[in-house]
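**Student:** So that you have it, the file is structure.cif, and it contains mmCIF, C-alpha atoms:
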data_structure
#
loop_
_atom_site.label_atom_id
_atom_site.label_comp_id
_atom_site.auth_asym_id
_atom_site.auth_seq_id
_atom_site.Cartn_x
_atom_site.Cartn_y
_atom_site.Cartn_z
CA MET A 1 152.04 239.74 -41.21
CA ASP A 2 152.63 243.33 -42.25
CA TYR A 3 153.18 245.84 -39.52
CA LYS A 4 153.93 248.77 -41.79
CA TYR A 5 150.99 250.73 -40.44
CA ILE A 6 152.17 250.24 -36.87
CA GLU A 7 155.70 251.28 -37.87
CA GLN A 8 154.35 254.43 -39.52
CA LEU A 9 152.32 255.21 -36.42
CA LEU A 10 155.46 254.72 -34.29
CA GLU A 11 157.47 257.10 -36.47
CA ARG A 12 154.79 259.72 -36.13
CA TYR A 13 154.64 259.02 -32.38
CA TRP A 14 158.38 259.74 -32.09
CA ASP A 15 157.81 262.90 -34.14
CA GLY A 16 154.99 263.84 -31.78
CA THR A 17 152.41 264.14 -34.52
CA THR A 18 150.07 261.29 -33.52
CA SER A 19 146.49 261.98 -32.54
CA PRO A 20 145.03 260.53 -29.33
CA GLU A 21 143.13 257.99 -31.39
CA GLU A 22 146.31 256.82 -33.08
CA GLU A 23 148.11 256.53 -29.69
CA CYS A 24 145.19 254.50 -28.45
CA ILE A 25 145.70 252.17 -31.48
CA LEU A 26 149.35 251.80 -30.54
CA ARG A 27 148.55 251.00 -26.88
CA THR A 28 145.96 248.47 -28.00
CA PHE A 29 148.46 246.86 -30.34
CA PHE A 30 151.18 246.53 -27.73
CA ARG A 31 148.73 245.29 -25.12
CA GLN A 32 148.26 242.04 -27.12
CA SER A 33 150.40 239.07 -26.23
CA ASP A 34 151.96 238.21 -29.62
CA VAL A 35 153.90 241.32 -30.49
CA PRO A 36 156.54 240.75 -33.19
CA ALA A 37 160.10 240.49 -31.99
CA GLU A 38 161.34 243.65 -33.75
CA LEU A 39 158.67 245.74 -31.97
CA LEU A 40 158.87 244.03 -28.63
CA ARG A 41 161.23 246.66 -27.24
CA TYR A 42 158.41 249.28 -27.38
CA LYS A 43 155.92 247.13 -25.50
CA ALA A 44 156.98 248.31 -22.07
CA LEU A 45 156.63 251.94 -23.13
CA PHE A 46 153.02 251.61 -24.22
CA ASN A 47 152.03 249.27 -21.39
CA TYR A 48 153.46 251.66 -18.82
CA GLU A 49 150.16 253.20 -17.90
CA ASP A 50 148.60 249.77 -17.38
CA THR A 51 151.41 248.56 -15.09
CA ALA A 52 151.65 251.89 -13.25
CA ALA A 53 147.98 251.72 -12.50
CA ARG A 54 148.44 248.35 -10.86
CA GLU A 55 151.21 249.61 -8.53
CA GLU A 56 150.21 250.30 -4.95
CA LYS A 57 149.77 253.96 -4.20
CA LEU A 58 149.49 255.87 -0.96
CA GLY A 59 145.91 256.59 -0.06
CA ASP A 60 144.58 260.10 0.12
CA ASP A 61 144.20 259.78 3.87
CA PHE A 62 147.78 258.61 4.38
CA ASP A 63 149.09 261.94 5.72
CA ARG A 64 146.09 262.41 7.96
CA ARG A 65 146.43 258.95 9.49
CA LEU A 66 150.16 259.33 9.99
CA LEU A 67 149.84 262.70 11.73
CA ALA A 68 147.03 261.36 13.92
CA ARG A 69 149.21 258.47 14.97
CA VAL A 70 152.17 260.72 15.81
CA ALA A 71 149.90 262.99 17.83
CA ALA A 72 148.49 260.02 19.71
CA GLU A 73 151.93 258.88 20.98
CA ALA A 74 152.72 259.85 24.59
CA PRO A 75 155.36 262.56 24.85
CA VAL A 76 158.80 261.36 25.98
CA LYS A 77 159.35 262.40 29.55
CA ALA A 78 162.90 263.07 30.87
CA ARG A 79 163.77 260.35 33.38
CA ARG A 80 165.55 261.43 36.53
CA VAL A 81 168.59 259.17 37.19
CA PRO A 82 169.76 259.21 40.83
CA MET A 83 173.45 259.76 41.57
CA ALA A 84 173.82 256.26 43.02
CA VAL A 85 172.54 254.71 39.80
CA ARG A 86 174.71 257.01 37.74
CA LEU A 87 177.83 256.02 39.70
CA ARG A 88 177.01 252.32 39.70
CA PRO A 89 179.41 251.38 36.81
CA LEU A 90 182.18 253.34 38.49
CA MET A 91 181.53 251.55 41.79
CA ARG A 92 181.55 248.19 40.04
CA ALA A 93 184.90 248.98 38.41
CA ALA A 94 186.30 250.13 41.78
CA ALA A 95 185.07 246.92 43.44
CA CYS A 96 186.74 244.83 40.71
CA VAL A 97 190.02 246.70 41.21
CA ALA A 98 189.77 246.27 45.00
CA VAL A 99 189.18 242.52 44.63
CA VAL A 100 192.19 242.20 42.30
CA VAL A 101 194.40 244.20 44.69
CA VAL A 102 193.32 242.22 47.77
CA VAL A 103 193.76 238.87 46.04
CA GLY A 104 197.12 239.96 44.60
CA ASN A 105 198.33 241.12 47.98
CA ALA A 106 197.23 237.91 49.65
CA ALA A 107 198.93 235.83 46.97
CA GLN A 108 202.11 237.87 47.25
CA ARG A 109 202.18 237.45 51.02
CA SER A 110 201.54 233.73 50.89
CA LEU A 111 204.05 233.11 48.09
CA ALA A 112 206.80 235.39 49.40
CA PRO A 113 209.64 233.46 50.99
CA ALA A 114 209.88 233.75 54.76
CA PRO A 115 212.65 236.13 55.85
CA GLN A 116 215.82 234.21 56.48
CA PRO A 117 217.18 234.48 60.02
CA ALA A 118 220.56 236.16 60.06
CA TRP A 119 222.11 233.54 62.35
CA ASP A 120 222.95 230.69 60.01
CA TYR A 121 225.24 228.34 61.92
CA SER A 122 224.62 224.66 62.28
CA THR A 123 223.29 223.89 65.78
CA GLU A 124 224.63 220.34 65.42
CA SER A 125 228.18 221.67 65.52
CA TYR A 126 227.82 222.70 69.19
CA THR A 127 228.48 220.27 72.04
CA ASP A 128 228.16 221.84 75.48
CA THR A 129 231.15 221.78 77.76
CA TYR A 130 229.03 222.35 80.86
CA SER A 131 225.79 220.72 81.85
CA ASP A 132 225.13 223.12 84.72
CA PRO A 133 223.58 226.40 83.48
CA GLN A 134 225.03 228.31 86.46
CA VAL A 135 228.60 227.30 85.54
CA ALA A 136 227.93 228.07 81.86
CA TYR A 137 226.50 231.45 82.88
CA ASP A 138 229.55 232.34 85.01
CA GLU A 139 231.91 231.32 82.22
CA SER A 140 229.89 233.29 79.63
CA VAL A 141 229.78 236.44 81.74
CA ASP A 142 233.51 236.17 82.34
CA ALA A 143 234.16 235.86 78.59
CA LEU A 144 231.83 238.76 77.84
CA ARG A 145 233.65 240.96 80.35
CA ARG A 146 236.96 240.08 78.70
CA LEU A 147 235.49 241.05 75.37
CA SER A 148 234.13 244.29 76.79
CA ASP A 149 237.50 245.09 78.34
CA GLY A 150 239.15 244.33 75.02
CA PHE A 151 236.92 246.81 73.18
CA ARG A 152 237.56 249.45 75.81
CA ALA A 153 241.31 248.80 75.68
CA LEU A 154 241.22 249.86 72.04
CA GLY A 155 240.10 253.24 73.36
CA ASP A 156 236.68 252.95 71.80
CA THR A 157 233.57 254.49 73.17
CA ALA A 158 230.27 252.70 72.71
CA GLY A 159 229.42 255.07 69.86
CA ALA A 160 232.69 254.41 68.02
CA ALA A 161 232.29 250.67 68.42
CA VAL A 162 228.76 250.79 67.07
CA ASP A 163 229.84 252.94 64.14
CA SER A 164 232.65 250.57 63.33
CA LEU A 165 230.40 247.53 63.28
CA ASN A 166 227.42 249.18 61.65
CA PRO A 167 227.34 248.85 57.84
CA ARG A 168 225.16 251.96 57.50
CA THR A 169 227.94 254.17 58.78
CA LYS A 170 230.70 252.53 56.71
CA MET B 1 218.28 208.48 34.88
CA ARG B 2 219.60 207.27 38.22
CA GLY B 3 222.85 209.11 37.59
CA THR B 4 220.99 212.35 36.87
CA LEU B 5 218.98 212.04 40.08
CA PHE B 6 222.15 211.37 42.05
CA ALA B 7 223.85 214.42 40.52
CA LEU B 8 220.76 216.52 41.33
CA ALA B 9 220.72 215.31 44.94
CA LEU B 10 224.45 216.05 45.22
CA LEU B 11 223.94 219.54 43.81
CA LEU B 12 221.04 220.25 46.19
CA GLY B 13 223.06 218.94 49.11
CA SER B 14 226.03 221.11 48.29
CA LEU B 15 223.78 224.15 47.77
CA THR B 16 222.16 223.57 51.17
CA ALA B 17 225.54 223.24 52.80
CA TYR B 18 226.76 226.38 51.05
CA ALA B 19 223.64 228.35 51.98
CA GLY B 20 224.15 227.73 55.66
CA GLY B 21 226.94 229.42 57.59
CA GLY B 22 228.20 226.08 58.85
CA ASP B 23 230.85 226.29 61.56
CA ASP B 24 231.87 229.36 63.49
CA PHE B 25 235.49 230.49 63.48
CA ALA B 26 236.50 228.81 66.77
CA SER B 27 235.14 225.47 65.62
CA ARG B 28 236.96 225.72 62.30
CA TYR B 29 240.16 226.78 64.02
CA MET B 30 240.03 223.87 66.45
CA LYS B 31 239.41 221.40 63.60
CA LEU B 32 242.45 222.73 61.73
CA TYR B 33 244.99 223.36 64.46
CA ALA B 34 244.02 221.72 67.76
CA LYS B 35 245.59 218.39 66.98
CA GLY B 36 248.96 218.02 68.72
CA THR B 37 248.62 221.30 70.66
CA SER B 38 247.37 222.24 74.12
CA LEU B 39 244.36 224.13 72.72
CA THR B 40 241.07 223.59 74.55
CA CYS B 41 237.64 224.85 73.58
CA THR B 42 234.80 225.64 75.94
CA THR B 43 231.39 225.72 74.27
CA VAL B 44 228.06 227.18 75.32
CA SER B 45 225.56 225.94 72.75
CA PRO B 46 222.35 227.70 71.62
CA THR B 47 220.38 225.29 73.81
CA MET B 48 222.46 226.08 76.91
CA MET B 49 222.34 229.79 76.05
CA SER B 50 218.56 229.75 76.31
CA ARG B 51 218.83 227.87 79.64
CA ILE B 52 221.27 230.34 81.18
CA MET B 53 218.81 233.15 80.46
CA ASN B 54 216.89 231.86 83.49
CA VAL B 55 220.04 232.19 85.59
CA ALA B 56 220.56 235.72 84.25
CA ALA B 57 216.99 236.61 85.17
CA ALA B 58 217.56 235.42 88.72
CA ASP B 59 220.90 237.28 88.91
CA ASN B 60 219.17 240.63 88.42
CA GLU B 61 221.81 241.90 85.99
CA PRO B 62 219.86 243.74 83.27
CA HIS B 63 222.91 244.49 81.08
CA VAL B 64 224.06 240.88 81.16
CA ARG B 65 220.55 239.73 80.38
CA GLU B 66 220.30 242.18 77.48
CA VAL B 67 223.62 240.95 76.06
CA LEU B 68 222.88 237.25 76.53
CA ALA B 69 219.46 237.63 74.90
CA ARG B 70 221.20 238.49 71.61
CA LEU B 71 223.62 235.57 71.76
CA LYS B 72 223.17 232.11 70.30
CA SER B 73 226.48 230.57 71.23
CA LEU B 74 229.81 231.30 72.86
CA ARG B 75 233.14 229.53 72.53
CA ILE B 76 236.33 230.19 74.43
CA VAL B 77 239.56 228.77 73.04
CA ASP B 78 242.40 228.61 75.58
CA LEU B 79 245.99 227.51 75.40
CA LYS B 80 247.56 225.53 78.23
CA LYS B 81 251.15 225.88 77.05
CA PRO B 82 252.07 229.56 76.68
CA ASP B 83 255.08 228.79 74.46
CA GLU B 84 252.71 227.63 71.69
CA GLY B 85 251.10 231.07 71.69
CA ASP B 86 253.18 232.72 68.96
CA SER B 87 252.53 230.24 66.17
CA LEU B 88 248.88 229.56 67.11
CA TYR B 89 248.15 233.28 67.35
CA MET B 90 249.61 233.80 63.88
CA LYS B 91 247.64 230.83 62.54
CA ALA B 92 244.40 232.29 63.93
CA VAL B 93 245.06 235.70 62.37
CA ASP B 94 246.11 234.12 59.07
CA LEU B 95 242.95 232.01 58.97
CA LEU B 96 240.83 235.12 59.44
CA ARG B 97 242.78 237.01 56.80
CA GLN B 98 242.35 234.11 54.37
CA ASN B 99 238.59 234.44 54.92
CA ARG B 100 238.34 238.18 54.39
CA ASN B 101 235.11 237.73 52.46
CA ARG B 102 233.54 236.27 55.57
CA TYR B 103 235.28 238.12 58.38
CA GLN B 104 236.16 241.79 58.61
CA ALA B 105 238.66 243.33 60.95
CA TYR B 106 237.19 245.65 63.53
CA GLY B 107 238.21 249.31 63.63
CA LYS B 108 241.01 250.98 61.68
CA ALA B 109 243.72 248.40 62.08
CA GLY B 110 241.45 245.87 63.72
CA SER B 111 244.11 245.13 66.24
CA THR B 112 246.72 246.16 68.72
CA ALA B 113 250.00 244.28 69.00
CA HIS B 114 248.36 241.51 71.02
CA ARG B 115 244.65 241.78 70.39
CA ASN B 116 242.53 241.33 67.26
CA PHE B 117 238.82 241.87 66.78
CA TRP B 118 236.97 240.49 63.83
CA PHE B 119 233.34 240.22 62.96
CA ARG B 120 231.04 238.59 60.46
CA ARG B 121 228.01 240.44 59.24
CA LYS B 122 224.87 239.37 57.42
CA GLY B 123 223.06 242.42 56.12
CA GLU B 124 222.78 244.79 59.04
CA THR B 125 223.15 242.09 61.66
CA VAL B 126 226.49 241.13 63.18
CA VAL B 127 226.28 237.35 63.49
CA GLU B 128 229.76 236.64 64.88
CA ILE B 129 232.34 238.58 66.90
CA ILE B 130 235.81 237.15 67.50
CA MET B 131 238.48 238.42 69.84
CA ILE B 132 241.94 236.90 69.65
CA ASP B 133 243.99 237.95 72.64
CA ARG B 134 247.57 237.44 73.81
CA PRO B 135 247.51 238.89 77.30
CA GLY B 136 250.96 240.25 78.07
CA GLY B 137 252.27 238.78 74.82
CA GLU B 138 252.05 235.25 76.19
CA GLY B 139 249.69 232.37 75.58
CA MET B 140 246.57 233.01 73.58
CA ASN B 141 242.82 232.88 73.92
CA ILE B 142 239.93 233.37 71.54
CA VAL B 143 236.44 234.47 72.47
CA ASP B 144 233.94 233.71 69.73
CA LEU B 145 230.32 234.89 70.03
CA THR B 146 227.57 234.13 67.57
CA GLY B 147 224.07 235.59 67.61
CA ASN B 148 221.91 238.30 66.17
CA MET B 149 223.79 241.33 67.37
CA ASP B 150 223.12 244.99 66.72
CA ASP B 151 223.84 248.48 68.03
CA THR B 152 222.06 247.81 71.33
CA PHE B 153 224.15 244.72 71.92
CA ILE B 154 227.44 246.59 71.48
CA LYS B 155 226.29 249.40 73.76
CA GLU B 156 225.20 246.96 76.45
CA LEU B 157 228.40 244.92 76.07
CA LEU B 158 230.53 247.99 76.70
CA ARG B 159 228.59 248.69 79.89
CA LEU B 160 229.50 245.32 81.44
#
Step by step, read the file and then write its structure as structure tokens.
**Tutor:**
Amino acid sequence: MDYKYIEQLLERYWDGTTSPEEECILRTFFRQSDVPAELLRYKALFNYEDTAAREEKLGDDFDRRLLARVAAEAPVKARRVPMAVRLRPLMRAAACVAVVVVVGNAAQRSLAPAPQPAWDYSTESYTDTYSDPQVAYDESVDALRRLSDGFRALGDTAGAAVDSLNPRTK
Amino acid sequence: MRGTLFALALLLGSLTAYAGGGDDFASRYMKLYAKGTSLTCTTVSPTMMSRIMNVAAADNEPHVREVLARLKSLRIVDLKKPDEGDSLYMKAVDLLRQNRNRYQAYGKAGSTAHRNFWFRRKGETVVEIIMIDRPGGEGMNIVDLTGNMDDTFIKELLRL
């Protein structure tokens, strides 16, 4: 089939010298289904108006409806948040910290080793010489007086003796 | 496996023994040097010490009561034969000097010509006080106190 006429019309179309009738011929030609392969690339150009017409467009009343809808919405009112509600996250955080501290303290106290008594001699190594507490008392007091006399014989006052034995004053 | 357990038990046992103070000085001294001498040791045990507190309460001696309340035990080592005094006195002082890490001499010199004071401390508590005495340069006796002793104890002791 010879499409020379169509090609001439196209050349004139590109030159901008086609009449409205001739452009209508072109649109009619490209509207048909069996367009030759070498002219197929122009089909979309001349079918544009047909496809554009099919596309959905905003209605004339779109703006009016949209503005009416916006106007109908209730205005946003500022909500008053009480101080207690505002501080609630802070209070929750403080409560968490308090729980951790209390539990930690309790664990530390329960796991800490009991303080060792300073006196660390074996009680099994002592066998009493006396069975009568009165005799043991008399003997002990006598020994303590000897010890006291001994300290005094060194010329020490109570203060000097304490200072000498006390590690804090060494 | 059994050998490892035995070694572990031995280690724990020795650690326990090391951790404790064990014997006081008088007890150790008697074990080392009493054999073949006229040394005698009088002991007031922790149990008896708590019993004699009742006697002290009845005796109405507040200083004595205050002193006894801090004591756990008391030992008095005496010598029957005064001529053994020289060597046994020296042995006692030497034993204390050999254990300088455990016992410290009291005061500047810790002694006069015939009297030595030593003490053992744990932290801020004095747990043992030892007096080795040669009254008049003859014989010898040792007074060995153990307990939880502090400043108040020393002050009260010097008021006896």
**Student:** So that each row is one residue of chain B with an atom at most 8 Å from chain A, can you give its shortest atom pair and the distance in Å to one decimal, using all atoms listed in the file, rows by chain and rising number, as a Markdown table?
**Tutor:**
| residue | atom | partner | partner_atom | distance |
| --- | --- | --- | --- | --- |
| B:Gly20 | CA | A:Asp120 | CA | 5.4 |
| B:Gly21 | CA | A:Tyr121 | CA | 4.8 |
| B:Gly22 | CA | A:Tyr121 | CA | 4.8 |
| B:Asp23 | CA | A:Tyr121 | CA | 6.0 |
| B:Asp24 | CA | A:Tyr121 | CA | 6.9 |
| B:Ser27 | CA | A:Ser125 | CA | 7.9 |
| B:Thr42 | CA | A:Thr129 | CA | 5.6 |
| B:Thr43 | CA | A:Asp128 | CA | 5.2 |
| B:Val44 | CA | A:Asp128 | CA | 5.3 |
| B:Ser45 | CA | A:Tyr126 | CA | 5.3 |
| B:Pro46 | CA | A:Thr123 | CA | 7.0 |
| B:Met48 | CA | A:Pro133 | CA | 6.7 |
| B:Arg51 | CA | A:Pro133 | CA | 6.3 |
| B:Ile52 | CA | A:Pro133 | CA | 5.1 |
| B:Val55 | CA | A:Gln134 | CA | 6.4 |
| B:Ala56 | CA | A:Tyr137 | CA | 7.4 |
| B:Val64 | CA | A:Val141 | CA | 7.3 |
| B:Leu74 | CA | A:Ser140 | CA | 7.1 |
| B:Ile76 | CA | A:Ala143 | CA | 7.4 |
| B:Tyr106 | CA | A:Ser164 | CA | 6.7 |
| B:Gly107 | CA | A:Ser164 | CA | 5.7 |
| B:Thr112 | CA | A:Leu154 | CA | 7.4 |
| B:Arg115 | CA | A:Gly150 | CA | 7.6 |
| B:Phe119 | CA | A:Leu165 | CA | 7.9 |
| B:Lys122 | CA | A:Ala118 | CA | 6.0 |
| B:Gly123 | CA | A:Ala118 | CA | 7.8 |
| B:Glu124 | CA | A:Pro167 | CA | 6.2 |
| B:Thr125 | CA | A:Ala118 | CA | 6.7 |
| B:Val126 | CA | A:Leu165 | CA | 7.5 |
| B:Val127 | CA | A:Trp119 | CA | 5.8 |
| B:Met131 | CA | A:Leu147 | CA | 6.8 |
| B:Val143 | CA | A:Ala143 | CA | 6.7 |
| B:Thr146 | CA | A:Trp119 | CA | 7.6 |
| B:Gly147 | CA | A:Trp119 | CA | 6.0 |
| B:Asn148 | CA | A:Trp119 | CA | 6.1 |
| B:Asp150 | CA | A:Asn166 | CA | 7.9 |
| B:Asp151 | CA | A:Val162 | CA | 5.5 |
| B:Ile154 | CA | A:Val162 | CA | 6.2 |
| B:Lys155 | CA | A:Ala158 | CA | 5.3 |
| B:Leu157 | CA | A:Ser148 | CA | 5.8 |
| B:Leu158 | CA | A:Ser148 | CA | 5.2 |
| B:Arg159 | CA | A:Ser148 | CA | 7.7 |
| B:Leu160 | CA | A:Arg145 | CA | 6.1 |
**Student:** In Å to one decimal, how far is CA of Ala92 (chain B) from CA of Leu32 (chain B)?
**Tutor:**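 Between these atoms lies a distance of 10.0 Å.
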**Student:** Name the residues that the PyMOL selection byres ((chain B and resi 132-141) around 6) picks from the file above, as a compact mmCIF listing (two decimals) with C-alpha atoms, in the coordinates of the input, using the file's chain letters and numbers.
**Tutor:**
# COMPACT_ATOMS: atom_id res chain seq x y z
CA VAL B 77 239.56 228.77 73.04
CA ASP B 78 242.40 228.61 75.58
CA LEU B 79 245.99 227.51 75.40
CA PRO B 82 252.07 229.56 76.68
CA GLY B 85 251.10 231.07 71.69
CA HIS B 114 248.36 241.51 71.02
CA ARG B 115 244.65 241.78 70.39
CA ASN B 116 242.53 241.33 67.26
CA MET B 131 238.48 238.42 69.84
CA ILE B 142 239.93 233.37 71.54
**Student:** Counting only C-alpha atoms, which residue out of A:Cys24, A:Ile6, A:Ala68, A:Ala74 sits closest to Glu38 (chain A)?
**Tutor:** A:Ile6
**Student:** Mind giving me the straight-line distance from CA of Glu23 (chain A) to CA of Leu9 (chain A) in Å, one decimal?
**Tutor:**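 These two atoms are separated by 8.0 Å.
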**Student:** Between CA of Lys43 (chain A) and CA of Ser19 (chain A), what is the spacing in Å?
**Tutor:**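 Atom-to-atom, CA of Ser19 (chain A) and CA of Lys43 (chain A) are spaced 18.9 Å apart.
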**Student:** To test your reading of the syntax: which residues would the PyMOL selection byres ((chain B and resi 71) around 7) return for the file shown? Reply as a list in words.
**Tutor:**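 This file, filtered by the PyMOL selection byres ((chain B and resi 71) around 7), leaves Val67, Leu68, Ala69, Arg70, Lys72, Ser73, Leu145, Thr146, Gly147 and Asn148 of chain B.
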**Student:** Mind checking which residues fall within 12 Å of Arg97 (chain B), counting all atoms listed in the file, ignoring those fewer than 3 positions away in the same chain, and posting them as a count of residues only?
**Tutor:** 17
**Student:** Can you put N, CA and C atoms back into region 121-144 of chain A and show it as a PDB file, in the coordinates of the input?
**Tutor:**
ATOM      1  N   TYR A 121     224.281 229.402  61.580  1.00  0.00           N
ATOM      2  CA  TYR A 121     225.240 228.340  61.920  1.00  0.00           C
ATOM      3  C   TYR A 121     224.486 227.033  62.186  1.00  0.00           C
ATOM      4  N   SER A 122     225.220 225.966  62.060  1.00  0.00           N
ATOM      5  CA  SER A 122     224.620 224.660  62.280  1.00  0.00           C
ATOM      6  C   SER A 122     224.594 224.351  63.789  1.00  0.00           C
ATOM      7  N   THR A 123     223.401 224.154  64.324  1.00  0.00           N
ATOM      8  CA  THR A 123     223.290 223.890  65.780  1.00  0.00           C
ATOM      9  C   THR A 123     223.931 222.555  66.148  1.00  0.00           C
ATOM     10  N   GLU A 124     224.039 221.661  65.140  1.00  0.00           N
ATOM     11  CA  GLU A 124     224.630 220.340  65.420  1.00  0.00           C
ATOM     12  C   GLU A 124     226.129 220.446  65.730  1.00  0.00           C
ATOM     13  N   SER A 125     226.724 221.561  65.322  1.00  0.00           N
ATOM     14  CA  SER A 125     228.180 221.670  65.520  1.00  0.00           C
ATOM     15  C   SER A 125     228.542 222.067  66.963  1.00  0.00           C
ATOM     16  N   TYR A 126     227.542 222.272  67.818  1.00  0.00           N
ATOM     17  CA  TYR A 126     227.820 222.700  69.190  1.00  0.00           C
ATOM     18  C   TYR A 126     227.587 221.556  70.182  1.00  0.00           C
ATOM     19  N   THR A 127     228.608 221.250  70.953  1.00  0.00           N
ATOM     20  CA  THR A 127     228.480 220.270  72.040  1.00  0.00           C
ATOM     21  C   THR A 127     228.854 220.991  73.337  1.00  0.00           C
ATOM     22  N   ASP A 128     227.930 221.068  74.249  1.00  0.00           N
ATOM     23  CA  ASP A 128     228.160 221.840  75.480  1.00  0.00           C
ATOM     24  C   ASP A 128     229.297 221.268  76.311  1.00  0.00           C
ATOM     25  N   THR A 129     230.090 222.189  76.839  1.00  0.00           N
ATOM     26  CA  THR A 129     231.150 221.780  77.760  1.00  0.00           C
ATOM     27  C   THR A 129     230.554 221.579  79.164  1.00  0.00           C
ATOM     28  N   TYR A 130     229.628 222.419  79.511  1.00  0.00           N
ATOM     29  CA  TYR A 130     229.030 222.350  80.860  1.00  0.00           C
ATOM     30  C   TYR A 130     227.585 221.879  80.759  1.00  0.00           C
ATOM     31  N   SER A 131     227.200 221.127  81.795  1.00  0.00           N
ATOM     32  CA  SER A 131     225.790 220.720  81.850  1.00  0.00           C
ATOM     33  C   SER A 131     225.023 221.575  82.862  1.00  0.00           C
ATOM     34  N   ASP A 132     225.769 222.271  83.716  1.00  0.00           N
ATOM     35  CA  ASP A 132     225.130 223.120  84.720  1.00  0.00           C
ATOM     36  C   ASP A 132     224.981 224.542  84.160  1.00  0.00           C
ATOM     37  N   PRO A 133     223.773 225.057  84.030  1.00  0.00           N
ATOM     38  CA  PRO A 133     223.580 226.400  83.480  1.00  0.00           C
ATOM     39  C   PRO A 133     224.275 227.487  84.293  1.00  0.00           C
ATOM     40  N   GLN A 134     224.387 227.297  85.612  1.00  0.00           N
ATOM     41  CA  GLN A 134     225.030 228.310  86.460  1.00  0.00           C
ATOM     42  C   GLN A 134     226.520 228.440  86.106  1.00  0.00           C
ATOM     43  N   VAL A 135     227.177 227.286  85.907  1.00  0.00           N
ATOM     44  CA  VAL A 135     228.600 227.300  85.540  1.00  0.00           C
ATOM     45  C   VAL A 135     228.763 227.921  84.146  1.00  0.00           C
ATOM     46  N   ALA A 136     227.880 227.519  83.221  1.00  0.00           N
ATOM     47  CA  ALA A 136     227.930 228.070  81.860  1.00  0.00           C
ATOM     48  C   ALA A 136     227.697 229.579  81.887  1.00  0.00           C
ATOM     49  N   TYR A 137     226.789 230.006  82.755  1.00  0.00           N
ATOM     50  CA  TYR A 137     226.500 231.450  82.880  1.00  0.00           C
ATOM     51  C   TYR A 137     227.733 232.203  83.377  1.00  0.00           C
ATOM     52  N   ASP A 138     228.360 231.678  84.447  1.00  0.00           N
ATOM     53  CA  ASP A 138     229.550 232.340  85.010  1.00  0.00           C
ATOM     54  C   ASP A 138     230.656 232.447  83.961  1.00  0.00           C
ATOM     55  N   GLU A 139     230.853 231.356  83.254  1.00  0.00           N
ATOM     56  CA  GLU A 139     231.910 231.320  82.220  1.00  0.00           C
ATOM     57  C   GLU A 139     231.588 232.321  81.092  1.00  0.00           C
ATOM     58  N   SER A 140     230.310 232.384  80.711  1.00  0.00           N
ATOM     59  CA  SER A 140     229.890 233.290  79.630  1.00  0.00           C
ATOM     60  C   SER A 140     230.081 234.744  80.039  1.00  0.00           C
ATOM     61  N   VAL A 141     229.659 235.059  81.271  1.00  0.00           N
ATOM     62  CA  VAL A 141     229.780 236.440  81.740  1.00  0.00           C
ATOM     63  C   VAL A 141     231.251 236.839  81.821  1.00  0.00           C
ATOM     64  N   ASP A 142     232.079 235.911  82.267  1.00  0.00           N
ATOM     65  CA  ASP A 142     233.510 236.170  82.340  1.00  0.00           C
ATOM     66  C   ASP A 142     234.077 236.477  80.929  1.00  0.00           C
ATOM     67  N   ALA A 143     233.669 235.656  79.965  1.00  0.00           N
ATOM     68  CA  ALA A 143     234.160 235.860  78.590  1.00  0.00           C
ATOM     69  C   ALA A 143     233.646 237.181  78.030  1.00  0.00           C
ATOM     70  N   LEU A 144     232.401 237.508  78.336  1.00  0.00           N
ATOM     71  CA  LEU A 144     231.830 238.760  77.840  1.00  0.00           C
ATOM     72  C   LEU A 144     232.548 239.969  78.450  1.00  0.00           C
TER      73      LEU A 144
END
